[in-house]
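Asker: Pasting a structure below so you can have a look.
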Amino acid sequence: MTRHLPILIVVLPLAGAVVVPVAGLLSGRLARGLSLGLLLFTHLFALGALRVALQAGPWRYELGGWAPPWGIEYVIDGLGGGMAVLISFMGLLTGVYAGPSLRQRSGLQAAVFHALHLLLTAGLLGIVVTGDAFNLYVFLEISALAAYALLSGGGDRAAVAAFRYLLVGTIAASFYLLGIGYLYAATGTLNMADLAARLGGSAPPAIVATAVALVVVGLAIKTALFPLHGWLPDAYAYAPTPAVSFISASMSKVGVYVLLRFLFFILPAEGVADRVLDLLSLTAAIAVVAGSVMALAQSDLRRMLAYSSIGQMGYIVMGLGLGNAAALVGALLHVVNHAVMKSCLFMVSGNVQHRAGTWAIAGYAGMGRRLPLTMAAFVVASLSMIGLPPTGGFFSKWYLVLGALERGAWPYVLAIVTSSLLTAVYMFRVIEVAYLRPAKPEDAPRAEAPPAMLAPTLVLALGVVALAVFNQSLVEGVLRPALAGVGR
């Protein structure tokens, strides 16, 4: 089975999405155990595939024995394999976290949640391992459909927000599909490696420019890049915590991954890609500050974290736009850091709501003493969000600053510093409420969240620490090899 790891990474959760609802007819526990088992094996297979790719170079897997460019191929390299490991890990943790919140549902209802969770995981994994631009679109839609359903599960407001996301997401997907249609018209191929070879030749520049504009706008909507972020705050604020913990950690990061693939691995280094990257870096610099300012104005922790995500995604896209080696390392390092710390923060919000019944920041009064482990995880993740040394967030921002200085982009350095200061203000506001304001006795919870919710939260908090301690190993062992030969 080892030689089939690239396809098993996608097939396991995809098949599970079909089988788990059937298991749910028999037992909710059986459905949950089957789902978590499949996610565990998917993660282990992703780790194995990444190890092979780092040791032996990109691993190309032809589906059905059809050689590319006619057939679809999956490609596991340092970049795609690393993303697959991150997605499968976050999928496993959030699957564990979802257990207590599903106990009030019937076995079939819980199984449907697990099936959608597996379908979303399969779609995201398919995006990062496929080597075909149209196959990527198929997985983009699979993951989007699962995300719409998961996000709508938090009540009436969540359903409205998910419907708005569906409308916007459909437009974004249409832009992407039209873009690759233009690329096919210009080159006659959809295989990414073949596209890269042909676009470096005599492809019509006007058609290519139109294609790139459509693809980039579609992906910018998917990543909620300011000012195309309108769908995100409500979608994140009203969704069930297990769903938003996974989606905030993975979906927007996958959009950045696709941008990186197109702008650095497929398109020629000069020309339209260069102009697009300049525009993206400018837009991202605005997003970094704007997202932090909007987060500062919120009184609901979920909405604060949602607006914060807009600013944090700005850091990542800014790194892509700057495009030099340091900035790209900073962007990818921040992809990992943000996935771990933001998922941890959303889990903390879910833990507090589970015990205290509140999303409001004011309701966190006294939580530092009442829920010490949960709030300790919040503090660790918050310090990393701010970028205080020696947290993981500090190192990714440090690389971004180095990249900006290398290009002489002092306004971008100012944007990073300003956003970090604003992040400190709204994060320390929550910490101050939790540790320095007393709780009303009748409102105070008496125990931590259930172990199935608390354990993933603490694992992610430890992950924040591990990313700080082992950041150099991650950079030199995975990120730099993955980015070898690309950059501006």
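Naming scheme: A, B, ... for chains in displayed order of the structure tokens; residues 1 onward per chain; ligands 1 onward as shown.
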Show which residues sit within 8 Å of region 53-56 of chain A, as a ChimeraX atom specification. Count only C-alpha atoms, and ignore same-chain residues fewer than 5 positions away.

Answerer: /A:76-78,81,478,481

Asker: Neighbouring residues of region 449-455 of chain A were defined as those with any atom within 8 Å, considering only C-alpha atoms; residues of the same chain fewer than 3 positions away were excluded. Please report them as a PyMOL selection string.

Answerer: chain A and resi 96-100+347+351-352+354-355+374+458-459

Asker: Can those selected residues be exported to a file as a JSON list (two decimals), in the first residue's frame so that it contains all heavy atoms?

Answerer:
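As written to disk, again.json reads:
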```json
[["chain", "number", "residue", "atom", "x", "y", "z"],
["A", 96, "VAL", "N", -12.00, 15.10, 17.22],
["A", 96, "VAL", "CA", -12.05, 14.74, 18.64],
["A", 96, "VAL", "C", -12.83, 15.78, 19.43],
["A", 96, "VAL", "O", -13.69, 15.45, 20.26],
["A", 96, "VAL", "CB", -10.62, 14.59, 19.20],
["A", 96, "VAL", "CG1", -10.67, 14.37, 20.72],
["A", 96, "VAL", "CG2", -9.89, 13.44, 18.52],
["A", 97, "TYR", "N", -12.56, 17.04, 19.16],
["A", 97, "TYR", "CA", -13.18, 18.15, 19.90],
["A", 97, "TYR", "C", -14.71, 18.14, 19.74],
["A", 97, "TYR", "O", -15.44, 18.56, 20.65],
["A", 97, "TYR", "CB", -12.61, 19.46, 19.39],
["A", 97, "TYR", "CG", -13.12, 20.70, 20.11],
["A", 97, "TYR", "CD1", -12.50, 21.15, 21.26],
["A", 97, "TYR", "CD2", -14.22, 21.40, 19.63],
["A", 97, "TYR", "CE1", -12.96, 22.27, 21.93],
["A", 97, "TYR", "CE2", -14.69, 22.52, 20.28],
["A", 97, "TYR", "CZ", -14.07, 22.96, 21.43],
["A", 97, "TYR", "OH", -14.53, 24.07, 22.08],
["A", 98, "ALA", "N", -15.20, 17.68, 18.60],
["A", 98, "ALA", "CA", -16.63, 17.77, 18.32],
["A", 98, "ALA", "C", -17.47, 16.81, 19.16],
["A", 98, "ALA", "O", -18.69, 16.99, 19.26],
["A", 98, "ALA", "CB", -16.87, 17.48, 16.83],
["A", 99, "GLY", "N", -16.85, 15.81, 19.78],
["A", 99, "GLY", "CA", -17.60, 14.77, 20.47],
["A", 99, "GLY", "C", -18.66, 15.26, 21.45],
["A", 99, "GLY", "O", -19.86, 14.97, 21.30],
["A", 100, "PRO", "N", -18.29, 16.04, 22.49],
["A", 100, "PRO", "CA", -19.29, 16.47, 23.47],
["A", 100, "PRO", "C", -20.42, 17.31, 22.89],
["A", 100, "PRO", "O", -21.55, 17.22, 23.35],
["A", 100, "PRO", "CB", -18.45, 17.29, 24.47],
["A", 100, "PRO", "CG", -17.08, 16.73, 24.35],
["A", 100, "PRO", "CD", -16.92, 16.39, 22.91],
["A", 347, "MET", "N", -11.34, 27.10, 19.97],
["A", 347, "MET", "CA", -11.67, 26.03, 20.92],
["A", 347, "MET", "C", -11.84, 26.58, 22.33],
["A", 347, "MET", "O", -12.73, 26.15, 23.07],
["A", 347, "MET", "CB", -10.60, 24.95, 20.89],
["A", 347, "MET", "CG", -10.64, 24.07, 19.65],
["A", 347, "MET", "SD", -9.43, 22.72, 19.75],
["A", 347, "MET", "CE", -9.69, 21.93, 18.16],
["A", 351, "ASN", "N", -15.01, 26.18, 24.74],
["A", 351, "ASN", "CA", -14.94, 25.64, 26.10],
["A", 351, "ASN", "C", -15.64, 26.55, 27.10],
["A", 351, "ASN", "O", -16.38, 26.10, 27.97],
["A", 351, "ASN", "CB", -13.48, 25.46, 26.51],
["A", 351, "ASN", "CG", -12.77, 24.38, 25.72],
["A", 351, "ASN", "OD1", -13.38, 23.69, 24.92],
["A", 351, "ASN", "ND2", -11.47, 24.25, 25.93],
["A", 352, "VAL", "N", -15.38, 27.85, 26.97],
["A", 352, "VAL", "CA", -16.00, 28.80, 27.89],
["A", 352, "VAL", "C", -17.51, 28.83, 27.69],
["A", 352, "VAL", "O", -18.28, 28.85, 28.66],
["A", 352, "VAL", "CB", -15.39, 30.21, 27.69],
["A", 352, "VAL", "CG1", -16.15, 31.24, 28.53],
["A", 352, "VAL", "CG2", -13.92, 30.20, 28.07],
["A", 354, "HIS", "N", -19.34, 26.43, 26.63],
["A", 354, "HIS", "CA", -19.88, 25.15, 27.11],
["A", 354, "HIS", "C", -20.09, 25.17, 28.62],
["A", 354, "HIS", "O", -21.08, 24.62, 29.12],
["A", 354, "HIS", "CB", -18.91, 24.02, 26.73],
["A", 354, "HIS", "CG", -19.44, 22.65, 27.03],
["A", 354, "HIS", "ND1", -20.28, 21.96, 26.18],
["A", 354, "HIS", "CD2", -19.23, 21.82, 28.09],
["A", 354, "HIS", "CE1", -20.57, 20.79, 26.70],
["A", 354, "HIS", "NE2", -19.94, 20.67, 27.86],
["A", 355, "ARG", "N", -19.18, 25.84, 29.33],
["A", 355, "ARG", "CA", -19.28, 25.86, 30.79],
["A", 355, "ARG", "C", -20.02, 27.09, 31.32],
["A", 355, "ARG", "O", -20.76, 26.99, 32.30],
["A", 355, "ARG", "CB", -17.88, 25.83, 31.41],
["A", 355, "ARG", "CG", -17.21, 24.47, 31.36],
["A", 355, "ARG", "CD", -18.06, 23.42, 32.00],
["A", 355, "ARG", "NE", -17.36, 22.14, 32.13],
["A", 355, "ARG", "CZ", -17.97, 20.99, 32.35],
["A", 355, "ARG", "NH1", -19.29, 20.96, 32.47],
["A", 355, "ARG", "NH2", -17.29, 19.87, 32.45],
["A", 374, "THR", "N", -7.92, 26.09, 30.38],
["A", 374, "THR", "CA", -8.46, 26.69, 29.17],
["A", 374, "THR", "C", -7.89, 28.08, 28.94],
["A", 374, "THR", "O", -7.47, 28.43, 27.83],
["A", 374, "THR", "CB", -10.00, 26.75, 29.24],
["A", 374, "THR", "OG1", -10.52, 25.42, 29.23],
["A", 374, "THR", "CG2", -10.58, 27.52, 28.08],
["A", 458, "LEU", "N", -5.52, 21.94, 24.62],
["A", 458, "LEU", "CA", -4.19, 21.94, 25.21],
["A", 458, "LEU", "C", -3.13, 21.43, 24.23],
["A", 458, "LEU", "O", -1.99, 21.91, 24.24],
["A", 458, "LEU", "CB", -4.19, 21.09, 26.48],
["A", 458, "LEU", "CG", -5.09, 21.60, 27.61],
["A", 458, "LEU", "CD1", -5.02, 20.66, 28.82],
["A", 458, "LEU", "CD2", -4.72, 23.01, 28.02],
["A", 459, "VAL", "N", -3.49, 20.46, 23.40],
["A", 459, "VAL", "CA", -2.55, 19.98, 22.37],
["A", 459, "VAL", "C", -2.15, 21.12, 21.44],
["A", 459, "VAL", "O", -0.98, 21.29, 21.09],
["A", 459, "VAL", "CB", -3.17, 18.81, 21.58],
["A", 459, "VAL", "CG1", -2.33, 18.51, 20.33],
["A", 459, "VAL", "CG2", -3.25, 17.56, 22.44]]
```

Asker: From the list A:Leu400, A:Ile386, A:Thr42, A:Pro268, which residue is nearest Leu320 (chain A) when using only C-alpha atoms?

Answerer: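 Between A:Leu400, A:Ile386, A:Thr42, A:Pro268, the residue approaching Leu320 (chain A) most closely is A:Leu400.
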
Asker: Separation of CA of Ile221 (chain A) and CA of Thr130 (chain A), in Å?

Answerer: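 Answer for the CA of Ile221 (chain A) to CA of Thr130 (chain A) separation: 21.2 Å.
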
Asker: Counting only C-alpha atoms, which residues of region 320-425 of chain A sit at most 7 Å from some atom of region 281-291 of chain A, and what is each one's closest atom pair with its distance in Å to one decimal, listed by chain and rising residue number, as a tab-separated table?

Answerer:
```
residue	atom	partner	partner_atom	distance
A:Gly321	CA	A:Ser281	CA	4.2
A:Leu322	CA	A:Ser281	CA	6.2
A:Tyr412	CA	A:Ala285	CA	6.0
A:Ala415	CA	A:Ala285	CA	6.1
A:Ile416	CA	A:Val288	CA	6.9
A:Thr418	CA	A:Val289	CA	6.8
A:Ser419	CA	A:Val289	CA	5.1
```

Asker: For the residues selected in the previous step, produce a file with N, CA, C and O atoms as a CSV table (one decimal), in the first residue's frame.

Answerer:
```
chain,number,residue,atom,x,y,z
A,321,GLY,N,3.2,38.4,-1.7
A,321,GLY,CA,3.4,39.5,-2.6
A,321,GLY,C,4.8,40.1,-2.6
A,321,GLY,O,5.4,40.4,-3.6
A,322,LEU,N,5.5,40.1,-1.4
A,322,LEU,CA,6.9,40.5,-1.4
A,322,LEU,C,7.7,39.5,-2.2
A,322,LEU,O,8.6,39.9,-2.9
A,412,TYR,N,5.4,48.5,4.7
A,412,TYR,CA,4.9,47.2,5.1
A,412,TYR,C,5.5,46.8,6.5
A,412,TYR,O,4.7,46.1,7.3
A,415,ALA,N,3.2,48.5,8.9
A,415,ALA,CA,1.9,47.8,8.9
A,415,ALA,C,2.0,46.6,9.9
A,415,ALA,O,1.1,46.4,10.7
A,416,ILE,N,3.1,45.9,9.8
A,416,ILE,CA,3.2,44.7,10.6
A,416,ILE,C,3.3,45.1,12.1
A,416,ILE,O,2.7,44.5,13.0
A,418,THR,N,2.3,48.0,13.5
A,418,THR,CA,1.0,48.6,13.9
A,418,THR,C,0.0,47.5,14.2
A,418,THR,O,-0.7,47.5,15.3
A,419,SER,N,-0.1,46.5,13.3
A,419,SER,CA,-1.1,45.5,13.5
A,419,SER,C,-0.7,44.7,14.8
A,419,SER,O,-1.7,44.3,15.5
```
